[in-house]
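Raw start_24.cif, mmCIF, C-alpha atoms and all ligand atoms:
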```
data_query
loop_
_atom_site.label_atom_id
_atom_site.label_comp_id
_atom_site.auth_asym_id
_atom_site.auth_seq_id
_atom_site.Cartn_x
_atom_site.Cartn_y
_atom_site.Cartn_z
CA MET C 1 -10.19 176.94 280.63
CA SER C 2 -6.69 177.46 282.09
CA ASN C 3 -5.42 180.91 282.99
CA ILE C 4 -3.03 180.92 279.99
CA SER C 5 -5.73 179.87 277.61
CA ALA C 6 -8.10 182.53 278.98
CA LEU C 7 -5.50 185.28 278.48
CA HIS C 8 -4.72 183.98 275.00
CA GLN C 9 -8.35 183.77 273.85
CA ALA C 10 -9.17 187.18 275.37
CA LEU C 11 -6.46 188.80 273.24
CA VAL C 12 -7.80 187.11 270.10
CA GLU C 13 -11.34 188.21 270.99
CA ARG C 14 -10.13 191.80 271.37
CA LEU C 15 -8.36 191.76 267.99
CA LYS C 16 -11.56 190.42 266.46
CA GLN C 17 -13.76 193.03 268.10
CA GLU C 18 -11.44 195.79 266.95
CA GLY C 19 -11.97 194.54 263.40
CA LEU C 20 -8.30 193.62 262.92
CA ILE C 21 -8.90 189.88 262.64
CA ARG C 22 -11.49 189.71 259.87
CA THR C 23 -11.42 186.25 258.33
CA PRO C 24 -12.02 182.76 259.79
CA ARG C 25 -8.59 181.46 258.70
CA VAL C 26 -6.67 184.22 260.45
CA GLU C 27 -8.89 183.87 263.52
CA ALA C 28 -8.38 180.09 263.64
CA ALA C 29 -4.60 180.54 263.43
CA PHE C 30 -4.54 183.13 266.25
CA ARG C 31 -6.79 180.90 268.39
CA ALA C 32 -4.71 177.77 267.79
CA VAL C 33 -1.15 179.12 268.21
CA PRO C 34 -0.23 180.43 271.67
CA ARG C 35 2.17 183.39 271.67
CA HIS C 36 3.86 182.41 274.96
CA LEU C 37 5.62 179.43 273.32
CA PHE C 38 7.56 181.98 271.24
CA LEU C 39 8.39 184.23 274.19
CA PRO C 40 9.37 181.66 276.84
CA ASP C 41 11.13 184.13 279.16
CA VAL C 42 8.40 186.78 279.17
CA PRO C 43 5.71 186.95 281.91
CA LEU C 44 2.32 185.75 280.64
CA GLU C 45 0.50 189.01 281.39
CA LYS C 46 2.98 190.82 279.12
CA VAL C 47 2.84 188.14 276.40
CA TYR C 48 -0.94 188.47 276.11
CA LYS C 49 -1.03 192.26 275.98
CA ASP C 50 -1.38 193.77 272.54
CA ASP C 51 2.20 195.08 272.51
CA ALA C 52 5.41 194.48 270.60
CA ILE C 53 8.03 192.79 272.79
CA VAL C 54 11.71 193.40 272.08
CA THR C 55 13.76 190.21 272.22
CA LYS C 56 17.23 191.39 271.13
CA TYR C 57 19.31 194.57 271.34
CA LEU C 58 22.56 195.39 269.52
CA ASP C 59 24.60 198.36 270.75
CA GLY C 60 21.62 199.41 272.83
CA LYS C 61 19.26 199.46 269.85
CA PRO C 62 16.36 196.99 269.45
CA VAL C 63 16.98 194.67 266.48
CA SER C 64 14.44 191.89 267.00
CA SER C 65 11.01 191.56 268.57
CA SER C 66 7.72 189.78 268.56
CA SER C 67 5.60 192.30 266.63
CA GLN C 68 2.42 193.81 268.07
CA PRO C 69 -0.38 191.24 267.59
CA ALA C 70 -2.70 193.95 266.17
CA VAL C 71 -0.19 194.73 263.41
CA MET C 72 0.40 191.01 262.79
CA ALA C 73 -3.36 190.57 262.33
CA ILE C 74 -3.56 193.50 259.90
CA MET C 75 -0.66 192.14 257.84
CA LEU C 76 -1.96 188.56 257.81
CA GLU C 77 -5.30 189.85 256.54
CA GLN C 78 -3.42 191.87 253.89
CA LEU C 79 -1.48 188.74 252.90
CA ASP C 80 -4.68 186.78 252.15
CA LEU C 81 -2.95 183.41 252.56
CA GLN C 82 -4.66 180.32 251.17
CA PRO C 83 -4.25 176.68 252.19
CA GLY C 84 -1.50 175.12 250.05
CA ASP C 85 0.37 178.42 249.54
CA ARG C 86 4.15 178.63 249.53
CA VAL C 87 5.16 181.68 251.55
CA LEU C 88 8.45 183.41 252.30
CA GLU C 89 8.80 185.48 255.46
CA ILE C 90 11.70 187.93 255.80
CA GLY C 91 12.27 188.56 259.50
CA ALA C 92 11.66 185.23 261.29
CA GLY C 93 12.20 186.80 264.75
CA THR C 94 10.62 184.56 267.39
CA GLY C 95 8.91 182.36 264.77
CA TYR C 96 5.39 183.29 265.98
CA ASN C 97 4.21 184.83 262.69
CA ALA C 98 5.70 181.89 260.76
CA ALA C 99 3.68 179.50 262.96
CA LEU C 100 0.45 181.44 262.35
CA MET C 101 1.11 181.26 258.61
CA ALA C 102 1.96 177.54 258.79
CA HIS C 103 -1.42 176.97 260.47
CA ILE C 104 -3.17 178.74 257.59
CA VAL C 105 -1.30 177.14 254.66
CA GLY C 106 -1.63 173.67 256.24
CA GLU C 107 0.21 170.50 255.31
CA SER C 108 0.00 171.08 251.58
CA GLY C 109 1.65 174.51 251.88
CA GLN C 110 5.12 175.60 252.90
CA VAL C 111 6.50 178.40 255.08
CA ILE C 112 10.12 179.51 254.77
CA ALA C 113 11.29 182.13 257.26
CA ILE C 114 14.60 183.98 256.97
CA ASP C 115 16.47 185.92 259.60
CA ILE C 116 19.82 187.66 259.35
CA ASP C 117 21.12 186.53 262.79
CA GLU C 118 22.06 182.92 263.52
CA ASP C 119 21.05 183.11 267.22
CA ILE C 120 17.59 184.38 266.24
CA VAL C 121 17.23 181.56 263.69
CA GLN C 122 18.14 178.95 266.30
CA ASP C 123 15.65 180.34 268.82
CA ALA C 124 12.90 180.55 266.19
CA GLN C 125 13.55 176.91 265.21
CA MET C 126 13.35 175.82 268.84
CA HIS C 127 10.09 177.71 269.44
CA LEU C 128 8.54 176.34 266.26
CA GLU C 129 9.44 172.76 267.21
CA LYS C 130 7.96 173.18 270.69
CA ALA C 131 4.77 174.56 269.18
CA GLY C 132 4.51 171.62 266.74
CA PHE C 133 5.51 173.51 263.57
CA GLU C 134 8.80 171.75 262.79
CA GLN C 135 7.83 171.73 259.09
CA VAL C 136 8.62 175.50 258.91
CA LYS C 137 12.03 175.97 257.31
CA VAL C 138 14.07 178.66 259.10
CA ILE C 139 17.11 179.96 257.23
CA CYS C 140 19.92 182.32 258.24
CA ALA C 141 20.38 184.73 255.32
CA ASP C 142 20.01 188.32 254.25
CA GLY C 143 16.35 188.55 253.22
CA GLY C 144 17.15 191.37 250.80
CA PHE C 145 18.10 188.61 248.35
CA GLY C 146 14.88 186.69 249.02
CA TYR C 147 15.38 182.93 248.98
CA PRO C 148 15.76 181.97 245.30
CA SER C 149 16.15 178.22 245.75
CA ALA C 150 12.53 177.75 246.90
CA ALA C 151 11.02 180.43 244.61
CA PRO C 152 8.54 181.25 243.15
CA TYR C 153 6.26 182.12 246.09
CA ASP C 154 2.53 182.71 246.27
CA ARG C 155 3.18 185.20 249.03
CA ILE C 156 6.18 187.13 250.37
CA ILE C 157 5.92 189.01 253.66
CA LEU C 158 8.44 191.26 255.39
CA THR C 159 8.01 191.71 259.12
CA VAL C 160 10.75 194.31 259.17
CA ALA C 161 10.63 197.75 257.52
CA ALA C 162 12.19 198.15 254.08
CA TRP C 163 13.31 201.49 252.68
CA ASP C 164 13.09 200.25 249.09
CA ILE C 165 11.74 197.21 247.28
CA ALA C 166 14.49 194.77 246.37
CA ILE C 167 14.27 193.42 242.84
CA ALA C 168 14.56 189.85 244.20
CA TRP C 169 11.18 190.11 245.96
CA GLN C 170 9.39 190.95 242.73
CA GLU C 171 11.31 188.35 240.77
CA GLN C 172 10.56 185.58 243.27
CA LEU C 173 6.82 186.26 243.33
CA LYS C 174 4.39 184.21 241.22
CA PRO C 175 2.45 186.28 238.64
CA GLN C 176 -0.74 186.13 240.79
CA GLY C 177 1.28 186.52 244.00
CA ARG C 178 1.17 189.13 246.73
CA LEU C 179 3.95 191.02 248.50
CA VAL C 180 3.17 192.52 251.93
CA LEU C 181 5.69 194.76 253.64
CA PRO C 182 6.18 197.76 255.88
CA LEU C 183 7.69 200.35 253.53
CA THR C 184 9.31 203.58 254.64
CA LEU C 185 7.74 206.07 252.25
CA LYS C 186 9.29 209.38 253.20
CA ASP C 187 11.17 210.54 256.28
CA ASP C 188 9.86 208.28 259.02
CA ILE C 189 6.46 207.50 257.50
CA GLN C 190 6.01 203.74 257.44
CA ILE C 191 3.04 202.01 255.89
CA THR C 192 2.27 198.33 255.60
CA ILE C 193 1.26 197.72 252.01
CA ALA C 194 -0.10 194.70 250.15
CA PHE C 195 1.15 194.79 246.57
CA GLU C 196 0.13 192.79 243.54
CA LEU C 197 2.00 192.57 240.26
CA ALA C 198 0.66 194.66 237.40
CA ASP C 199 2.17 195.18 233.95
CA GLY C 200 5.82 195.88 234.83
CA TYR C 201 5.09 197.46 238.22
CA LEU C 202 3.62 196.74 241.66
CA VAL C 203 0.29 198.23 242.71
CA SER C 204 -1.11 198.49 246.23
CA VAL C 205 -4.34 196.71 247.07
CA SER C 206 -4.35 197.60 250.77
CA THR C 207 -2.53 199.99 253.13
CA SER C 208 -2.34 200.56 256.87
CA ASN C 209 -0.12 202.43 259.33
CA CYS C 210 2.57 200.55 261.20
CA GLY C 211 5.89 200.92 262.98
CA PHE C 212 8.65 198.35 262.54
CA MET C 213 12.37 198.10 263.19
CA LYS C 214 14.42 198.61 260.05
CA LEU C 215 15.84 196.01 257.69
CA ARG C 216 19.56 195.38 258.22
CA GLY C 217 22.14 193.98 255.80
CA ALA C 218 22.93 194.80 252.17
CA PHE C 219 19.48 196.32 251.54
CA ALA C 220 19.30 198.51 254.64
CA GLU C 221 18.31 202.16 254.38
CA PRO C 222 21.35 203.98 252.92
CA GLN C 223 23.58 205.71 255.49
CA GLU C 224 23.12 209.13 253.87
CA VAL C 225 19.33 208.77 254.22
CA GLN C 226 19.72 207.79 257.88
CA LYS C 227 21.86 210.86 258.54
CA ALA C 228 19.47 213.18 256.71
CA GLN C 229 16.66 211.51 258.62
CA LYS C 230 18.13 212.47 261.97
CA ASN C 231 18.39 216.11 260.87
CA ILE C 232 14.92 216.07 259.37
CA SER C 233 13.26 214.62 262.49
CA PHE C 234 14.73 217.40 264.58
CA ARG C 235 14.00 220.21 262.10
CA LEU C 236 10.59 218.79 261.17
CA LYS C 237 9.38 218.87 264.74
CA LYS C 238 10.45 222.49 265.07
CA LEU C 239 9.06 223.51 261.70
CA LEU C 240 5.76 221.72 262.09
CA ILE C 241 5.11 223.73 265.18
CA GLN C 242 6.13 226.99 263.48
CA VAL C 243 4.69 226.72 259.99
CA GLY C 244 2.42 223.66 259.83
CA THR C 245 1.31 222.87 256.29
CA MET C 246 3.57 225.60 254.80
CA LEU C 247 6.38 223.12 255.13
CA LEU C 248 4.98 221.12 252.25
CA LEU C 249 4.36 224.09 249.92
CA PRO C 250 6.22 222.87 246.82
CA LEU C 251 3.68 220.03 246.37
CA PRO C 252 0.22 220.50 244.80
CA LEU C 253 -2.30 221.59 247.43
CA GLN C 254 -4.30 218.36 247.59
CA LEU C 255 -1.23 216.17 247.93
CA ARG C 256 0.26 218.57 250.43
CA LEU C 257 -2.76 218.28 252.65
CA LYS C 258 -2.87 214.54 252.23
CA LEU C 259 0.78 214.15 253.08
CA TYR C 260 0.43 216.51 255.96
CA ASN C 261 -2.52 214.45 257.18
CA LEU C 262 -0.47 211.35 256.72
CA THR C 263 2.39 212.58 258.86
CA ARG C 264 0.12 214.08 261.47
CA PHE C 265 -3.07 212.07 261.67
CA GLY C 266 -2.31 208.53 260.61
CA ARG C 267 -4.74 205.88 259.60
CA SER C 268 -7.82 207.61 258.24
CA SER C 269 -5.70 209.67 255.89
CA LEU C 270 -4.61 206.53 254.04
CA GLN C 271 -8.09 206.16 252.62
CA GLY C 272 -8.04 206.28 248.85
CA MET C 273 -4.25 206.31 248.63
CA ARG C 274 -2.78 204.17 245.87
CA ILE C 275 0.90 203.29 245.69
CA ARG C 276 2.65 202.07 242.59
CA VAL C 277 6.27 200.97 242.44
CA TYR C 278 8.21 201.11 239.17
CA PRO C 279 11.77 199.90 238.64
CA GLN C 280 14.08 202.96 238.35
CA ASN C 281 14.98 202.06 234.76
CA THR C 282 11.38 202.44 233.50
CA GLN C 283 11.68 206.22 234.11
CA TYR C 284 7.97 206.65 234.81
CA ARG C 285 6.91 210.32 234.48
CA PRO C 286 4.52 211.25 237.28
CA ALA C 287 1.35 213.19 236.38
CA ALA C 288 0.52 216.50 238.08
CA ASN C 289 -1.67 214.87 240.72
CA GLU C 290 0.91 212.24 241.60
CA LEU C 291 3.67 212.36 244.17
CA ALA C 292 6.93 210.64 243.18
CA ILE C 293 9.44 209.37 245.73
CA ALA C 294 12.80 208.29 244.30
CA LYS C 295 14.38 205.28 245.95
CA ARG C 296 17.56 203.46 245.00
CA TRP C 297 16.08 200.77 242.74
CA THR C 298 12.52 201.95 242.38
CA GLN C 299 10.33 204.98 242.00
CA VAL C 300 7.32 205.07 244.31
CA ILE C 301 4.28 206.91 242.97
CA LEU C 302 1.44 208.01 245.27
CA ASP C 303 -1.96 209.21 244.22
CA TRP C 304 -5.37 209.46 245.83
CA GLN C 305 -8.57 208.16 244.28
C1 LIG C 401 10.03 192.59 264.15
S1 LIG C 401 11.16 191.25 264.03
C2 LIG C 401 10.17 190.01 263.26
C3 LIG C 401 9.09 189.41 264.11
C4 LIG C 401 8.73 188.00 263.73
N1 LIG C 401 8.06 187.91 262.46
C5 LIG C 401 7.94 187.30 264.81
O1 LIG C 401 6.83 186.81 264.55
O2 LIG C 401 8.44 187.22 265.94
C6 LIG C 401 12.21 191.72 262.67
C7 LIG C 401 13.25 190.68 262.36
O3 LIG C 401 13.84 191.02 261.10
C8 LIG C 401 15.16 190.55 261.14
N2 LIG C 401 15.94 191.16 260.04
C9 LIG C 401 16.45 192.40 259.96
N3 LIG C 401 17.08 192.57 258.79
C10 LIG C 401 16.98 191.40 258.11
C11 LIG C 401 17.43 190.95 256.84
N4 LIG C 401 18.12 191.73 256.01
N5 LIG C 401 17.13 189.69 256.48
C12 LIG C 401 16.42 188.86 257.29
N6 LIG C 401 15.97 189.24 258.50
C13 LIG C 401 16.24 190.49 258.91
C14 LIG C 401 15.63 190.93 262.53
O4 LIG C 401 16.78 190.21 262.91
C15 LIG C 401 14.40 190.62 263.36
O5 LIG C 401 14.46 189.35 263.93
#
```
Entire entry expressed as structure tokens:
Amino acid sequence: MSNISALHQALVERLKQEGLIRTPRVEAAFRAVPRHLFLPDVPLEKVYKDDAIVTKYLDGKPVSSSSQPAVMAIMLEQLDLQPGDRVLEIGAGTGYNAALMAHIVGESGQVIAIDIDEDIVQDAQMHLEKAGFEQVKVICADGGFGYPSAAPYDRIILTVAAWDIAIAWQEQLKPQGRLVLPLTLKDDIQITIAFELADGYLVSVSTSNCGFMKLRGAFAEPQEVQKAQKNISFRLKKLLIQVGTMLLLPLPLQLRLKLYNLTRFGRSSLQGMRIRVYPQNTQYRPAANELAIAKRWTQVILDWQ
């Protein structure tokens, strides 16, 4: 086994042992597709560490990366891709995730990957060709609109954090489809969620912690939220030290503790949490044990079971 192959397979083995790669299809894809072909200018030791690698900055801020392999594994397991599926990825980046998905869906399936920057699209195309996945269609567009001309999709995945759920993503999903995305719930709390369609709303079937760069374009987090966010992060840090759980007093006790756990302790606190997403115009009335978060187009309802 060559040095590259040894590094590559060792990373896959680690993801498997950590229980992040759980199914044979996801494992086979990770074993078959080498990450270094998508990060040609990055030293191999760095490529095969379980880290996110930033590939583009704008005004000093990171805007594109190859996501952390552990998080990619979690999200691919959440996506539950099947051979023959048609899948839309929003956030093509380096093209690595698109290649993994193309390996899973096989020749009878189709992967369409969108990115908002033309230079990123060109690089992703080049990487995919070199890796033998020229069948993946890479499009330059704002993923907030989905990609209607190839819809409906069995699966839609965002590899960039959304603040709200764009109507297009629900509309372009097949009735038995699945939408997987990192969603900013409140303040800076991001969770990767697998949603399925229920009767007029989306319901979570799986959740996990994550940290992604934010969606840009027409469906980016509103400016006023970003500004408030900056203030909150500063005040929250101060207040958490001073008053701890008191900060969340207006919420029912159980939810308060859960949310506090969520902000402070991460993964284990997600156990039992269910997330439903209703279009704003349905005016869903939350019950006493539910936490409602108002977004621009949707209302997000959390409860614990
Ligand atoms: C974390 S990277 C994606 C990683 C990628 N899946 C990979 O395997 O390398 C997030 C990507 O989302 C893209 N992005 C941000 N806003 C977008 C939008 N509105 N539509 C499409 N892509 C967007 C960024 O340009 C960036 O390349």
**Neighbourhood of ligand LIG 401 (chain C) at 6 Å, counting all atoms listed in the file, reported as a VMD selection string** = chain C and resid 63 to 67 90 to 97 114 to 117 142 to 144 159 to 160 215 to 217
Go ahead and write the selection's residues with C-alpha atoms as an mmCIF file, in the coordinates of the input.
```
data_model
loop_
_atom_site.group_PDB
_atom_site.id
_atom_site.type_symbol
_atom_site.label_atom_id
_atom_site.label_comp_id
_atom_site.auth_asym_id
_atom_site.auth_seq_id
_atom_site.Cartn_x
_atom_site.Cartn_y
_atom_site.Cartn_z
ATOM 1 C CA VAL C 63 16.980 194.670 266.480
ATOM 2 C CA SER C 64 14.440 191.890 267.000
ATOM 3 C CA SER C 65 11.010 191.560 268.570
ATOM 4 C CA SER C 66 7.720 189.780 268.560
ATOM 5 C CA SER C 67 5.600 192.300 266.630
ATOM 6 C CA ILE C 90 11.700 187.930 255.800
ATOM 7 C CA GLY C 91 12.270 188.560 259.500
ATOM 8 C CA ALA C 92 11.660 185.230 261.290
ATOM 9 C CA GLY C 93 12.200 186.800 264.750
ATOM 10 C CA THR C 94 10.620 184.560 267.390
ATOM 11 C CA GLY C 95 8.910 182.360 264.770
ATOM 12 C CA TYR C 96 5.390 183.290 265.980
ATOM 13 C CA ASN C 97 4.210 184.830 262.690
ATOM 14 C CA ILE C 114 14.600 183.980 256.970
ATOM 15 C CA ASP C 115 16.470 185.920 259.600
ATOM 16 C CA ILE C 116 19.820 187.660 259.350
ATOM 17 C CA ASP C 117 21.120 186.530 262.790
ATOM 18 C CA ASP C 142 20.010 188.320 254.250
ATOM 19 C CA GLY C 143 16.350 188.550 253.220
ATOM 20 C CA GLY C 144 17.150 191.370 250.800
ATOM 21 C CA THR C 159 8.010 191.710 259.120
ATOM 22 C CA VAL C 160 10.750 194.310 259.170
ATOM 23 C CA LEU C 215 15.840 196.010 257.690
ATOM 24 C CA ARG C 216 19.560 195.380 258.220
ATOM 25 C CA GLY C 217 22.140 193.980 255.800
#
```
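For the residues C:Ala141, C:Ile4, C:Ile120, C:Ala168, ranking by smallest atom-to-atom distance to Glu45 (chain C) using all atoms listed in the file places C:Ile4 first.
Take the candidates C:Arg14, C:Lys174, C:Lys137, C:Arg25 and check each one against Leu76 (chain C) using all atoms listed in the file; the shortest distance goes to C:Arg25.
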**Point (2.9, 192.2, 259.4) neighbourhood (7 Å, all atoms listed in the file) written as a ChimeraX atom specification** = /C:71-72,74-76,158-159,181
**Asked** Between CA of Pro62 (chain C) and CA of Ala102 (chain C), what is the distance, to one decimal in Å?
**Response** 26.4 Å
**Request:** Neighbourhood query: residues within 8 Å of (-12.3, 209.5, 248.1), file coordinates, counting only C-alpha atoms; return as a ChimeraX atom specification.
**Result:** /C:271-272,304-305
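Interatomic distance, CA of Gln82 (chain C) to CA of Ala99 (chain C): 14.5 Å.
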